[in-house]
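**Q** File follows, coords-v8.pdb with PDB, C-alpha atoms:
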```
ATOM      1  CA  MET A 931      47.049 121.918 -60.688
ATOM      2  CA  LYS A 932      49.121 120.991 -57.660
ATOM      3  CA  TRP A 933      46.889 118.022 -56.878
ATOM      4  CA  ILE A 934      47.491 116.631 -60.381
ATOM      5  CA  VAL A 935      51.269 116.823 -59.850
ATOM      6  CA  TRP A 936      51.038 115.108 -56.454
ATOM      7  CA  THR A 937      48.769 112.424 -57.908
ATOM      8  CA  LEU A 938      51.215 111.626 -60.752
ATOM      9  CA  LEU A 939      54.101 111.516 -58.277
ATOM     10  CA  VAL A 940      52.295 109.004 -56.063
ATOM     11  CA  VAL A 941      51.404 106.826 -59.088
ATOM     12  CA  ASN A 942      55.036 106.791 -60.249
ATOM     13  CA  LEU A 943      56.242 105.758 -56.800
ATOM     14  CA  VAL A 944      53.703 102.900 -56.657
ATOM     15  CA  VAL A 945      54.694 101.605 -60.112
ATOM     16  CA  ALA A 946      58.405 101.813 -59.296
ATOM     17  CA  GLY A 947      57.829  99.941 -56.032
ATOM     18  CA  PHE A 948      55.906  97.209 -57.837
ATOM     19  CA  PHE A 949      58.725  96.483 -60.322
ATOM     20  CA  ILE A 950      61.422  96.579 -57.627
ATOM     21  CA  GLY A 951      59.424  94.191 -55.426
ATOM     22  CA  ARG A 952      58.783  91.784 -58.325
ATOM     23  CA  GLU A 953      62.520  91.410 -58.939
ATOM     24  CA  ASN A 954      63.114  90.603 -55.270
ATOM     25  CA  TRP A 955      60.245  88.058 -55.271
ATOM     26  CA  THR A 956      61.680  86.343 -58.378
ATOM     27  CA  GLN A 957      65.097  86.044 -56.757
ATOM     28  CA  ALA A 958      63.581  84.664 -53.546
ATOM     29  CA  ASP A 959      61.503  82.097 -55.452
ATOM     30  CA  ALA A 960      64.556  81.017 -57.424
ATOM     31  CA  GLY A 961      66.524  80.538 -54.210
ATOM     32  CA  GLN A 962      63.769  78.441 -52.641
ATOM     33  CA  THR A 963      63.423  76.310 -55.781
ATOM     34  CA  ALA A 964      67.169  75.699 -55.946
ATOM     35  CA  SER A 965      67.234  74.648 -52.315
ATOM     36  CA  LEU A 966      64.329  72.244 -52.817
ATOM     37  CA  ASN A 967      66.027  70.597 -55.804
ATOM     38  CA  VAL A 968      69.217  70.077 -53.808
ATOM     39  CA  ASN A 969      67.259  68.299 -51.094
ATOM     40  CA  ARG A 970      65.642  66.024 -53.639
ATOM     41  CA  LEU A 971      69.002  65.086 -55.090
ATOM     42  CA  SER A 972      70.324  64.365 -51.625
ATOM     43  CA  LEU A 973      67.401  62.082 -50.804
ATOM     44  CA  ARG A 974      67.814  60.157 -54.025
ATOM     45  CA  SER A 975      71.467  59.659 -53.307
ATOM     46  CA  GLN A 976      70.732  58.283 -49.811
ATOM     47  CA  SER A 977      68.034  55.897 -51.006
ATOM     48  CA  ALA A 978      69.919  54.555 -54.004
ATOM     49  CA  PRO A 979      70.187  50.736 -53.841
ATOM     50  CA  VAL A 980      73.575  49.238 -53.142
ATOM     51  CA  PRO A 981      74.740  47.086 -56.062
ATOM     52  CA  ARG A 982      74.877  43.366 -55.236
ATOM     53  CA  ASP A 983      77.270  40.922 -56.742
ATOM     54  CA  ASP A 984      75.181  37.761 -57.117
ATOM     55  CA  ALA A 985      78.243  35.935 -58.340
ATOM     56  CA  SER A 986      80.091  36.450 -55.056
ATOM     57  CA  PRO A 987      80.781  33.379 -52.846
ATOM     58  CA  ALA A 988      78.555  34.778 -50.075
ATOM     59  CA  ALA A 989      75.586  34.749 -52.434
ATOM     60  CA  ALA A 990      76.006  31.109 -53.296
ATOM     61  CA  THR A 991      74.110  28.603 -51.183
ATOM     62  CA  SER A 992      74.951  24.959 -50.828
ATOM     63  CA  THR A 993      72.340  22.216 -50.754
ATOM     64  CA  ALA A 994      72.623  19.193 -48.497
ATOM     65  CA  LEU A 995      72.147  15.758 -50.046
ATOM     66  CA  CYS A 996      71.020  12.669 -48.172
ATOM     67  CA  MET A 997      71.130   8.926 -48.698
ATOM     68  CA  GLU A 998      69.532   6.020 -46.858
ATOM     69  CA  TRP A 999      71.458   2.788 -46.430
ATOM     70  CA  ARG A1000      69.151  -0.089 -45.488
ATOM     71  CA  GLY A1001      69.230  -3.870 -45.407
ATOM     72  CA  LEU A1002      72.354  -4.403 -43.293
ATOM     73  CA  ASN A1003      72.268  -7.231 -40.768
ATOM     74  CA  ARG A1004      73.470  -6.480 -37.248
ATOM     75  CA  GLY A1005      77.048  -7.559 -37.817
ATOM     76  CA  GLU A1006      77.267  -5.600 -41.061
ATOM     77  CA  PHE A1007      75.685  -2.593 -39.393
ATOM     78  CA  VAL A1008      78.484  -2.433 -36.812
ATOM     79  CA  GLN A1009      81.149  -2.695 -39.536
ATOM     80  CA  VAL A1010      79.550   0.018 -41.681
ATOM     81  CA  ARG A1011      79.247   2.290 -38.639
ATOM     82  CA  GLN A1012      83.021   2.185 -38.211
ATOM     83  CA  GLN A1013      83.584   2.835 -41.904
ATOM     84  CA  LEU A1014      81.263   5.831 -41.858
ATOM     85  CA  LYS A1015      83.020   7.214 -38.787
ATOM     86  CA  SER A1016      86.356   7.008 -40.614
ATOM     87  CA  LEU A1017      84.894   8.640 -43.711
ATOM     88  CA  ALA A1018      83.352  11.425 -41.642
ATOM     89  CA  GLY A1019      86.821  12.185 -40.277
ATOM     90  CA  GLU A1020      88.102  12.726 -43.828
ATOM     91  CA  ARG A1021      85.164  14.440 -45.496
ATOM     92  CA  VAL A1022      82.392  16.895 -44.640
ATOM     93  CA  MET A1023      79.516  14.546 -43.873
ATOM     94  CA  SER A1024      77.397  13.211 -41.033
ATOM     95  CA  PHE A1025      75.189  10.207 -40.430
ATOM     96  CA  THR A1026      72.438   9.113 -38.080
ATOM     97  CA  GLU A1027      71.136   5.702 -37.056
ATOM     98  CA  VAL A1028      67.383   5.411 -37.479
ATOM     99  CA  PRO A1029      65.314   2.589 -35.902
ATOM    100  CA  LEU A1030      63.002   0.622 -38.167
ATOM    101  CA  ASN A1031      60.415   0.211 -35.407
ATOM    102  CA  THR A1032      59.641   2.866 -32.830
ATOM    103  CA  ARG A1033      57.442   3.642 -29.843
ATOM    104  CA  GLN A1034      55.966   6.953 -28.731
ATOM    105  CA  TRP A1035      56.855   7.930 -25.180
ATOM    106  CA  VAL A1036      54.742  10.579 -23.464
ATOM    107  CA  ILE A1037      56.754  12.302 -20.761
ATOM    108  CA  PHE A1038      56.920  15.381 -18.593
ATOM    109  CA  PRO A1039      60.441  16.746 -19.326
ATOM    110  CA  PRO A1040      63.284  16.197 -16.821
ATOM    111  CA  LEU A1041      63.177  18.357 -13.699
ATOM    112  CA  PRO A1042      66.267  19.858 -12.001
ATOM    113  CA  SER A1043      66.433  17.385  -9.111
ATOM    114  CA  ALA A1044      64.960  14.200  -7.695
ATOM    115  CA  GLU A1045      63.122  16.259  -5.080
ATOM    116  CA  SER A1046      61.421  18.481  -7.672
ATOM    117  CA  ALA A1047      60.544  15.395  -9.738
ATOM    118  CA  ALA A1048      58.953  13.754  -6.682
ATOM    119  CA  ALA A1049      56.969  16.925  -5.971
ATOM    120  CA  LYS A1050      55.754  17.047  -9.565
ATOM    121  CA  LEU A1051      54.757  13.383  -9.431
ATOM    122  CA  SER A1052      52.665  14.126  -6.343
ATOM    123  CA  GLU A1053      50.863  16.865  -8.284
ATOM    124  CA  LEU A1054      50.160  14.492 -11.170
ATOM    125  CA  THR A1055      48.924  11.781  -8.849
ATOM    126  CA  ALA A1056      46.596  14.264  -7.156
ATOM    127  CA  ALA A1057      45.284  15.189 -10.616
ATOM    128  CA  GLY A1058      44.341  11.545 -11.209
ATOM    129  CA  LEU A1059      47.387  10.301 -13.154
ATOM    130  CA  THR A1060      48.104   7.323 -10.946
ATOM    131  CA  ASP A1061      50.121   5.438 -13.599
ATOM    132  CA  ALA A1062      52.900   8.057 -13.863
ATOM    133  CA  PHE A1063      56.395   7.454 -12.450
ATOM    134  CA  VAL A1064      59.755   9.203 -12.171
ATOM    135  CA  VAL A1065      62.603   8.031 -14.438
ATOM    136  CA  LYS A1066      65.502   7.169 -12.135
ATOM    137  CA  ASP A1067      68.508   7.024 -14.491
ATOM    138  CA  GLY A1068      69.781   7.502 -18.020
ATOM    139  CA  ASP A1069      69.416  10.513 -20.301
ATOM    140  CA  TRP A1070      65.864  11.125 -19.054
ATOM    141  CA  ARG A1071      66.629  11.044 -15.351
ATOM    142  CA  ASN A1072      64.059  13.018 -13.295
ATOM    143  CA  ALA A1073      61.578  13.060 -16.172
ATOM    144  CA  ILE A1074      58.101  11.690 -15.464
ATOM    145  CA  SER A1075      56.874   8.893 -17.680
ATOM    146  CA  LEU A1076      53.235   8.995 -18.718
ATOM    147  CA  GLY A1077      53.193   5.899 -20.912
ATOM    148  CA  LEU A1078      54.605   4.163 -24.007
ATOM    149  CA  TYR A1079      52.379   3.958 -27.087
ATOM    150  CA  ALA A1080      52.522   2.116 -30.389
ATOM    151  CA  ASP A1081      51.890   5.089 -32.661
ATOM    152  CA  ALA A1082      51.579   8.856 -32.761
ATOM    153  CA  ASP A1083      47.776   8.820 -32.649
ATOM    154  CA  ALA A1084      47.692   6.869 -29.396
ATOM    155  CA  ALA A1085      50.318   9.180 -27.883
ATOM    156  CA  GLN A1086      48.311  12.236 -28.902
ATOM    157  CA  ARG A1087      45.183  10.827 -27.273
ATOM    158  CA  ARG A1088      47.174  10.386 -24.069
ATOM    159  CA  ILE A1089      48.365  13.997 -24.201
ATOM    160  CA  LEU A1090      44.792  15.215 -24.629
ATOM    161  CA  GLU A1091      43.732  13.086 -21.661
ATOM    162  CA  VAL A1092      46.534  14.530 -19.516
ATOM    163  CA  GLU A1093      45.738  18.089 -20.587
ATOM    164  CA  GLY A1094      42.099  17.448 -19.719
ATOM    165  CA  LYS A1095      43.254  16.909 -16.138
ATOM    166  CA  GLY A1096      44.960  20.300 -16.153
ATOM    167  CA  VAL A1097      48.525  19.052 -16.765
ATOM    168  CA  LEU A1098      50.387  21.026 -19.445
ATOM    169  CA  GLY A1099      53.951  20.830 -20.762
ATOM    170  CA  THR A1100      54.138  17.160 -21.723
ATOM    171  CA  ARG A1101      55.843  16.038 -24.914
ATOM    172  CA  VAL A1102      56.419  12.945 -27.045
ATOM    173  CA  GLU A1103      59.802  11.300 -27.572
ATOM    174  CA  VAL A1104      60.330   8.651 -30.261
ATOM    175  CA  LEU A1105      62.129   5.598 -28.888
ATOM    176  CA  PRO A1106      63.380   2.502 -30.742
ATOM    177  CA  ARG A1107      61.488  -0.678 -29.992
ATOM    178  CA  GLN A1108      63.485  -3.282 -28.110
ATOM    179  CA  GLY A1109      65.338  -5.555 -30.545
ATOM    180  CA  THR A1110      64.603  -3.427 -33.620
ATOM    181  CA  ASP A1111      67.036  -3.113 -36.532
ATOM    182  CA  PHE A1112      68.439   0.227 -37.684
ATOM    183  CA  TYR A1113      69.427   1.899 -40.933
ATOM    184  CA  PHE A1114      71.703   4.830 -41.750
ATOM    185  CA  VAL A1115      70.851   8.278 -43.107
ATOM    186  CA  ILE A1116      74.016   9.891 -44.487
ATOM    187  CA  ARG A1117      74.099  13.649 -45.117
ATOM    188  CA  SER A1118      76.652  15.665 -47.103
ATOM    189  CA  GLU A1119      76.887  18.747 -49.286
ATOM    190  CA  ASP A1120      79.433  17.010 -51.538
ATOM    191  CA  PRO A1121      77.889  14.721 -54.200
ATOM    192  CA  ASP A1122      81.208  12.890 -54.619
ATOM    193  CA  THR A1123      81.113  11.851 -50.962
ATOM    194  CA  LEU A1124      77.797  10.104 -51.441
ATOM    195  CA  LYS A1125      78.995   8.533 -54.690
ATOM    196  CA  SER A1126      81.977   7.067 -52.857
ATOM    197  CA  LEU A1127      79.600   5.087 -50.635
ATOM    198  CA  SER A1128      78.693   2.842 -53.570
ATOM    199  CA  GLY A1129      82.231   1.465 -53.444
ATOM    200  CA  ILE A1130      81.861   0.571 -49.772
ATOM    201  CA  LYS A1131      78.479  -1.029 -50.445
ATOM    202  CA  GLN A1132      79.998  -3.681 -52.735
ATOM    203  CA  ALA A1133      81.088  -5.614 -49.649
ATOM    204  CA  TYR A1134      77.427  -5.764 -48.529
ATOM    205  CA  PRO A1135      75.499  -6.973 -51.602
ATOM    206  CA  ASN A1136      72.223  -7.580 -49.765
ATOM    207  CA  SER A1137      71.962  -3.951 -48.647
ATOM    208  CA  ARG A1138      70.590  -1.056 -50.676
ATOM    209  CA  GLN A1139      71.314   2.653 -50.939
ATOM    210  CA  SER A1140      68.896   5.304 -52.170
ATOM    211  CA  ARG A1141      68.822   9.087 -52.376
ATOM    212  CA  VAL A1142      66.166  10.684 -50.152
ATOM    213  CA  ALA A1143      65.064  14.138 -49.113
ATOM    214  CA  CYS A1144      67.032  15.310 -46.131
ATOM    215  CA  PRO A1145      65.074  15.339 -42.858
ATOM    216  CA  SER A1146      64.205  18.816 -41.683
TER
END
```
Could you take the file, read its structure, and then write that structure out as structure tokens?
**A**
Amino acid sequence: MKWIVWTLLVVNLVVAGFFIGRENWTQADAGQTASLNVNRLSLRSQSAPVPRDDASPAAATSTALCMEWRGLNRGEFVQVRQQLKSLAGERVMSFTEVPLNTRQWVIFPPLPSAESAAAKLSELTAAGLTDAFVVKDGDWRNAISLGLYADADAAQRRILEVEGKGVLGTRVEVLPRQGTDFYFVIRSEDPDTLKSLSGIKQAYPNSRQSRVACPS
């Protein structure tokens, strides 16, 4: 009979241990689940988008407007230039003078000194570019001229020819033709500024103004 008593005692201890352990496991699982939920909430808080006020001044973008003013003779052009300069001092605007007829100038960009330009010219001559020369003065001093061309296609053919001789780094500059007339491109972000130009135009009835897309 003793073995029956010992067997029942062991069974009772096993059952009691099972229920005690299950309570501890439930508490541990609840603690882990609570911790995981807290982390999720924290991540959501960090990744939440920041509200944007699209109506704020920083969100607004202004668009530039441009106008061409053509048909001025040379005397009128000088007078209008002075008027535009005065207007630019009073309002937010700018203007450029654009030649009606241009040439395409293929050049090697200006070098730091006359000596370095002469050395570069020697390299080009050795490569077979015997018609190149160094620009001696002006804004392009110490550049190397590789020819003036009537249009962009002719200038591009010259660049390909030069590159075929192993010379890289040339570029094309657009120059006004000698004796060409010019016209104005006026740029402003204020529509009223451009409207005010129609009043100035009345003194030059043979000229014309037109809205255009602003050059990039």
**Q** Is it possible to get the residues within 6 Å of (77.2, 3.9, -47.5) (coordinates as in the file, counting only C-alpha atoms) written as a list of chain:residue names?
**A**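 Within the cut-off we find A:Trp999, A:Leu1127, A:Lys1131.
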**Q** Can you write out the residues you just picked, keeping C-alpha atoms, as an mmCIF file, keeping the file's coordinate frame?
**A**
```cif
data_model
loop_
_atom_site.group_PDB
_atom_site.id
_atom_site.type_symbol
_atom_site.label_atom_id
_atom_site.label_comp_id
_atom_site.auth_asym_id
_atom_site.auth_seq_id
_atom_site.Cartn_x
_atom_site.Cartn_y
_atom_site.Cartn_z
ATOM 1 C CA TRP A 999 71.458 2.788 -46.430
ATOM 2 C CA LEU A 1127 79.600 5.087 -50.635
ATOM 3 C CA LYS A 1131 78.479 -1.029 -50.445
#
```
**Q** How many Å lie between atom CA of Lys1015 of chain A and atom CA of Ile1116 of chain A, rounded to one decimal?
**A**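 Separation between atom CA of Lys1015 of chain A and atom CA of Ile1116 of chain A: 11.0 Å.
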**Q** Check the smallest atom-to-atom distance from each of A:Ala1057, A:Cys996, A:Leu1078, A:Ile1037 to Ser1118 of chain A using all atoms listed in the file, then report the winner.
**A**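 Looking only at the distances to Ser1118 of chain A, the closest residue turns out to be A:Cys996.
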**Q** Running the PyMOL selection byres ((chain A and resi 1022-1033) around 6) on this model by hand, what would come out? Give it as a PyMOL selection string.
**A** chain A and resi 1018+1021+1034+1079-1080+1104-1107+1110-1118
**Q** Emit as lines of an AutoDock Vina configuration file the padded axis-aligned box for all listed atoms of segment 1014-1022 of chain A, 3 Å per side, with centre and edge lengths in Å to one decimal.
**A**
```
center_x = 84.7
center_y = 11.4
center_z = -42.1
size_x = 12.8
size_y = 17.1
size_z = 12.7
```
**Q** Counting all atoms listed in the file, find residues at most 9 Å from (68.1, 10.0, -51.0) (file frame) and give them as a list in words.
**A** Leu995, Cys996, Met997, Glu998, Val1115, Ile1116, Gln1139, Ser1140, Arg1141, Val1142, Ala1143 and Cys1144 of chain A
**Q** Excluding same-chain residues fewer than 6 positions from Gln1013 of chain A, what lies within 12 Å of it counting all atoms listed in the file, as a list of chain:residue names?
**A**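 Non-adjacent residues within range: A:Glu1006, A:Phe1007, A:Gly1019, A:Glu1020, A:Phe1025, A:Ser1126, A:Leu1127, A:Gly1129, A:Ile1130, A:Lys1131, A:Ala1133.
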**Q** For Lys1066 of chain A, please output as a list of chain:residue names all residues within 12 Å (counting all atoms listed in the file; exclusion window: fewer than 4 positions along the same chain).
**A** A:Pro1040, A:Leu1041, A:Ser1043, A:Ala1044, A:Glu1045, A:Ala1047, A:Ala1048, A:Trp1070, A:Arg1071, A:Asn1072, A:Ala1073, A:Ile1074, A:Ser1075
**Q** Could you tell me how far atom CA of Asp1120 of chain A lies from atom CA of Ser1146 of chain A, in Å and to one decimal?
**A**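 Going from atom CA of Asp1120 of chain A over to atom CA of Ser1146 of chain A, I get 18.2 Å.
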**Q** When you draw a straight line from atom CA of Leu1017 of chain A to atom CA of Thr1123 of chain A, how long is it in Å?
**A** 8.8 Å
**Q** What do you get, as a list of chain:residue names, if you spell out every residue that the PyMOL selection byres ((chain A and resi 1060) around 12) selects here?
**A**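 For this structure, the PyMOL selection byres ((chain A and resi 1060) around 12) resolves to A:Leu1051, A:Ser1052, A:Glu1053, A:Leu1054, A:Thr1055, A:Ala1056, A:Ala1057, A:Gly1058, A:Leu1059, A:Asp1061, A:Ala1062, A:Phe1063, A:Val1064, A:Ile1074, A:Ser1075, A:Leu1076, A:Gly1077, A:Val1092, A:Lys1095.
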**Q** For each of A:Arg1138, A:Arg1101, A:Lys1125, A:Arg1088, take the minimum atom-to-atom distance to Phe1038 of chain A, counting all atoms listed in the file, then give the residue where this is smallest.
**A**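 Closest to Phe1038 of chain A, using all atoms listed in the file: A:Arg1101.
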**Q** Using all atoms listed in the file, which residue out of A:Val1102, A:Ala994, A:Tyr1134, A:Pro1042 lies closest to Ile1089 of chain A?
**A** A:Val1102
